[in-house]
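Participant: Input my_file.cif, format and content: mmCIF, C-alpha atoms.
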data_structure
loop_
_atom_site.label_atom_id
_atom_site.label_comp_id
_atom_site.auth_asym_id
_atom_site.auth_seq_id
_atom_site.Cartn_x
_atom_site.Cartn_y
_atom_site.Cartn_z
CA MET J 1 9.69 -7.18 18.23
CA ILE J 2 6.96 -6.43 15.74
CA ARG J 3 7.40 -7.11 12.01
CA TYR J 4 6.13 -4.31 9.77
CA ALA J 5 5.58 -3.67 6.08
CA LEU J 6 6.19 -0.09 5.00
CA LEU J 7 4.59 0.68 1.63
CA VAL J 8 5.91 3.91 0.17
CA ARG J 9 3.99 5.76 -2.50
CA GLY J 10 5.35 7.00 -5.80
CA ILE J 11 9.02 6.04 -5.91
CA ASN J 12 10.94 4.63 -8.88
CA VAL J 13 7.92 5.04 -11.17
CA GLY J 14 8.56 6.15 -14.73
CA GLY J 15 12.09 7.33 -13.90
CA LYS J 16 10.84 9.77 -11.27
CA ASN J 17 11.60 9.97 -7.56
CA LYS J 18 14.53 7.57 -7.79
CA VAL J 19 15.43 5.74 -4.63
CA VAL J 20 18.22 3.17 -4.44
CA MET J 21 16.65 0.45 -2.32
CA ALA J 22 20.00 -0.79 -0.92
CA GLN J 23 20.74 2.73 0.30
CA LEU J 24 17.25 3.11 1.79
CA ARG J 25 17.60 -0.24 3.60
CA GLN J 26 20.93 0.92 5.03
CA GLU J 27 19.50 4.28 6.13
CA LEU J 28 16.52 2.61 7.80
CA THR J 29 18.89 0.25 9.59
CA GLU J 30 20.87 3.28 10.81
CA LEU J 31 17.55 4.73 11.99
CA GLY J 32 17.33 1.76 14.37
CA LEU J 33 15.08 -0.60 12.43
CA GLU J 34 16.17 -4.26 12.33
CA ASN J 35 16.19 -6.97 9.65
CA VAL J 36 15.36 -4.42 6.94
CA GLU J 37 14.44 -6.01 3.60
CA SER J 38 12.79 -4.81 0.42
CA TYR J 39 10.78 -6.43 -2.34
CA ILE J 40 11.00 -5.12 -5.90
CA ASN J 41 12.00 -1.55 -6.56
CA SER J 42 8.68 0.14 -5.85
CA GLY J 43 8.75 0.87 -2.13
CA ASN J 44 7.90 -2.37 -0.31
CA ILE J 45 10.07 -2.41 2.82
CA PHE J 46 9.96 -4.83 5.75
CA PHE J 47 11.56 -4.54 9.17
CA ASP J 48 11.37 -5.39 12.87
CA THR J 49 11.17 -2.86 15.69
CA ASN J 50 10.10 -2.38 19.29
CA VAL J 51 9.28 1.29 18.71
CA PRO J 52 5.58 1.98 19.49
CA ARG J 53 3.54 2.51 16.32
CA THR J 54 2.77 6.22 16.91
CA LYS J 55 6.43 7.03 17.53
CA LEU J 56 7.44 4.89 14.56
CA ILE J 57 5.13 6.85 12.24
CA GLU J 58 6.58 10.15 13.52
CA LYS J 59 10.12 8.82 13.12
CA LEU J 60 9.44 7.69 9.53
CA GLN J 61 7.72 10.97 8.61
CA SER J 62 10.70 12.97 9.92
CA PHE J 63 13.13 10.68 8.12
CA PHE J 64 11.33 11.03 4.77
CA GLU J 65 10.92 14.81 5.20
CA ARG J 66 14.66 15.15 5.69
CA TYR J 67 16.11 12.62 3.22
CA TYR J 68 13.34 11.96 0.67
CA PRO J 69 10.99 14.97 0.68
CA PHE J 70 9.11 13.62 -2.36
CA ILE J 71 7.89 10.71 -0.20
CA GLN J 72 4.85 12.20 1.45
CA SER J 73 2.60 9.16 1.80
CA PHE J 74 3.16 5.71 3.18
CA SER J 75 1.21 2.84 4.64
CA LEU J 76 2.43 0.91 7.66
CA MET J 77 1.07 -2.49 8.65
CA SER J 78 2.07 -5.23 11.05
CA LEU J 79 1.83 -8.95 10.47
CA GLU J 80 -1.20 -8.93 12.79
CA ASP J 81 -2.88 -6.20 10.66
CA TYR J 82 -2.20 -8.20 7.50
CA GLU J 83 -3.51 -11.49 8.89
CA LYS J 84 -6.66 -9.82 10.22
CA GLU J 85 -7.32 -8.31 6.78
CA LEU J 86 -6.70 -11.67 5.08
CA ARG J 87 -9.33 -13.36 7.28
CA ASN J 88 -11.95 -10.76 6.31
CA LEU J 89 -11.47 -10.71 2.54
CA PRO J 90 -14.52 -11.52 0.40
CA ASP J 91 -14.67 -14.82 -1.45
CA TRP J 92 -14.17 -13.13 -4.85
CA TRP J 93 -10.63 -12.07 -3.88
CA ASN J 94 -9.53 -15.73 -4.04
CA HIS J 95 -10.83 -16.29 -7.59
CA GLU J 96 -9.22 -15.55 -10.93
CA MET J 97 -10.05 -12.11 -12.30
CA ALA J 98 -8.73 -9.87 -15.01
CA ARG J 99 -7.03 -7.65 -12.41
CA LYS J 100 -6.98 -7.28 -8.65
CA ASP J 101 -5.45 -4.37 -6.75
CA VAL J 102 -5.28 -3.08 -3.20
CA LEU J 103 -5.46 0.69 -2.72
CA PHE J 104 -3.76 1.02 0.65
CA TYR J 105 -4.82 3.84 2.94
CA THR J 106 -1.84 5.91 4.02
CA GLU J 107 -1.06 7.34 7.44
CA GLY J 108 -3.18 10.38 8.27
CA MET J 109 -5.64 9.81 5.43
CA ASP J 110 -9.35 10.55 5.93
CA VAL J 111 -10.52 6.99 5.25
CA ASP J 112 -14.23 7.81 5.60
CA GLN J 113 -13.94 10.46 2.89
CA VAL J 114 -12.13 8.00 0.58
CA ILE J 115 -14.83 5.36 1.11
CA GLU J 116 -17.57 7.93 0.46
CA LYS J 117 -15.94 9.04 -2.82
CA VAL J 118 -15.35 5.50 -4.05
CA ASN J 119 -18.88 4.45 -3.07
CA SER J 120 -20.23 7.23 -5.29
CA LEU J 121 -18.59 5.75 -8.41
CA GLU J 122 -20.60 3.83 -10.96
CA LEU J 123 -18.90 0.45 -11.23
CA VAL J 124 -18.58 -1.38 -14.56
CA ASP J 125 -17.58 -5.06 -14.34
CA GLU J 126 -15.75 -4.52 -11.07
CA VAL J 127 -16.18 -5.39 -7.41
CA LEU J 128 -15.02 -3.66 -4.23
CA HIS J 129 -14.28 -4.56 -0.66
CA PHE J 130 -13.49 -1.87 1.91
CA GLY J 131 -10.98 -3.35 4.30
CA LYS J 132 -9.17 -1.93 7.32
CA LEU J 133 -5.92 -1.51 5.35
CA GLY J 134 -7.35 -0.40 2.04
CA ILE J 135 -9.79 -0.94 -0.79
CA PHE J 136 -9.64 -4.30 -2.54
CA TRP J 137 -10.68 -3.75 -6.14
CA GLY J 138 -11.36 -6.52 -8.62
CA LYS J 139 -11.82 -6.07 -12.34
CA LEU J 140 -13.84 -8.87 -13.91
CA SER J 141 -12.94 -8.55 -17.58
CA GLU J 142 -9.92 -7.37 -19.50
CA GLU J 143 -12.21 -6.41 -22.42
CA THR J 144 -14.17 -3.93 -20.30
CA TYR J 145 -11.22 -2.71 -18.19
CA ALA J 146 -10.99 0.59 -20.09
CA LYS J 147 -14.61 1.32 -19.09
CA THR J 148 -14.22 0.62 -15.38
CA ALA J 149 -14.42 3.31 -12.72
CA TYR J 150 -10.97 2.16 -11.64
CA HIS J 151 -9.49 2.95 -15.04
CA LYS J 152 -11.54 6.03 -15.95
CA GLN J 153 -12.14 7.84 -12.65
CA LEU J 154 -9.65 6.79 -9.98
CA LEU J 155 -6.86 9.14 -11.16
CA LYS J 156 -9.24 12.10 -10.91
CA LEU J 157 -10.25 11.50 -7.30
CA PRO J 158 -8.80 13.94 -4.74
CA PHE J 159 -7.22 11.24 -2.58
CA TYR J 160 -5.43 9.48 -5.46
CA GLY J 161 -2.12 11.23 -4.73
CA ASN J 162 -2.12 9.82 -1.21
CA ILE J 163 -2.95 6.16 -1.71
CA THR J 164 -0.39 3.51 -2.54
CA ILE J 165 -1.49 0.70 -4.83
CA ARG J 166 -0.24 -2.88 -5.01
CA ASN J 167 -1.53 -5.72 -7.18
CA ALA J 168 -2.77 -9.04 -5.75
CA ASN J 169 0.58 -10.78 -6.32
CA THR J 170 2.42 -8.08 -4.38
CA PHE J 171 -0.22 -8.25 -1.63
CA ASP J 172 0.58 -11.98 -1.30
CA LYS J 173 4.33 -11.25 -1.26
CA ILE J 174 3.81 -8.69 1.51
CA GLY J 175 2.36 -11.50 3.62
CA HIS J 176 5.32 -13.72 2.80
CA PHE J 177 7.84 -11.05 3.86
CA LEU J 178 5.89 -10.21 7.02
CA LYS J 179 5.96 -13.87 8.10
CA GLN J 180 9.76 -14.19 7.73
#
Taking this structure as input, can you express it in the form of structure tokens?

Facilitator:
Amino acid sequence: MIRYALLVRGINVGGKNKVVMAQLRQELTELGLENVESYINSGNIFFDTNVPRTKLIEKLQSFFERYYPFIQSFSLMSLEDYEKELRNLPDWWNHEMARKDVLFYTEGMDVDQVIEKVNSLELVDEVLHFGKLGIFWGKLSEETYAKTAYHKQLLKLPFYGNITIRNANTFDKIGHFLKQ
């Protein structure tokens, strides 16, 4: 059995794309996933399965197409993926900052194009790390946050509608749920 985190983009945000997490957990259990859990109401789902990753992605895409057509992007990671990423994080990720977020790449995304676009941004009081799972983005000052590329330009980038973002606390919780 492999333990996975499924991070769904754009549900239960601002009253749009409502998903009842208890219902989703039940449906995913009926789909054959085991020990299905969720954390907060924003699309953080954890489960165990023996289904090979490629087949699992296809199964999830078909499921969402049929039952939740507004869910078009998700990120899937195993405990092994998470732990590998954790070992390769830069030192700054472990220090206090105004804000820290992870922009998770989603299945089928052109990661090289995303990295190229983000690398072209002019950073203001912010630091980046391009990981295997996503972009780790730190904002150094709350006072200058409104001037950062993250705040001013991220929404305008073509890939924005396909990434799923979690803050540093949620990233830590993902690790906790994956280890259960």

Participant: Excluding Gly134 of chain J and its own-chain neighbours fewer than 4 positions away, which residues fall within 6 Å of it when counting all atoms listed in the file? Please give them as a PyMOL selection string.

Facilitator: chain J and resi 103-105

Participant: So, with only C-alpha atoms as the atoms that count, which of J:Ile57, J:Lys139, J:Glu37, J:Ile45 lies closest to His95 of chain J?

Facilitator: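 That would be J:Lys139, the residue with the smallest distance to His95 of chain J.
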
Participant: Applying 9 Å and only C-alpha atoms, which residues near His129 of chain J remain after dropping the ones on its own chain fewer than 3 positions away? List them as a list in words.

Facilitator: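 Near His129 of chain J, the qualifying residues are Leu89, Pro90, Trp93, Gly134, Ile135, Phe136, Trp137 and Gly138 of chain J.
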
Participant: Skip segment 157-174 of chain J itself and residues of its chain fewer than 6 positions away, then list as number ranges by chain all residues within 9 Å of it, counting only C-alpha atoms.

Facilitator: J: 5, 7-10, 39, 44-46, 72-75, 82, 93, 99-106, 109-110, 113-114, 117-118, 134, 136

Participant: May I ask which of the residues J:Val51, J:Leu6, J:Leu128, J:Leu123 is the closest one to Met77 of chain J, counting all atoms listed in the file?

Facilitator: J:Leu6

Participant: Which residues come within 9 Å of Glu83 of chain J, counting all atoms listed in the file, excluding same-chain residues fewer than 5 positions away, as a PyMOL selection string?

Facilitator: chain J and resi 78+88+175

Participant: Distance atom CA of Glu143 of chain J-atom CA of Ile115 of chain J, one decimal place?

Facilitator: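 If I compute the distance from atom CA of Glu143 of chain J to atom CA of Ile115 of chain J, I get 26.4 Å.
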
Participant: Between atom CA of Lys84 of chain J and atom CA of Glu96 of chain J, what is the spacing in Å?

Facilitator: 22.1 Å

Participant: Could you state the separation of atom CA of Asn35 of chain J and atom CA of Arg3 of chain J in Å, given to one decimal place?

Facilitator: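 That distance, rounded to one decimal, is 9.1 Å.
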
Participant: Write out as a VMD selection string the residues lying within 12 Å of Leu33 of chain J, counting only C-alpha atoms and excluding same-chain residues fewer than 2 positions away.

Facilitator: chain J and resid 1 to 6 24 to 31 35 to 37 45 to 51 56 59 to 60

Participant: Quick one: of J:Gln23, J:Leu140, J:Lys16, J:Lys132, who's nearest to Glu85 of chain J, counting all atoms listed in the file?

Facilitator: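 With all atoms listed in the file as the atom set, the closest residue is J:Lys132.
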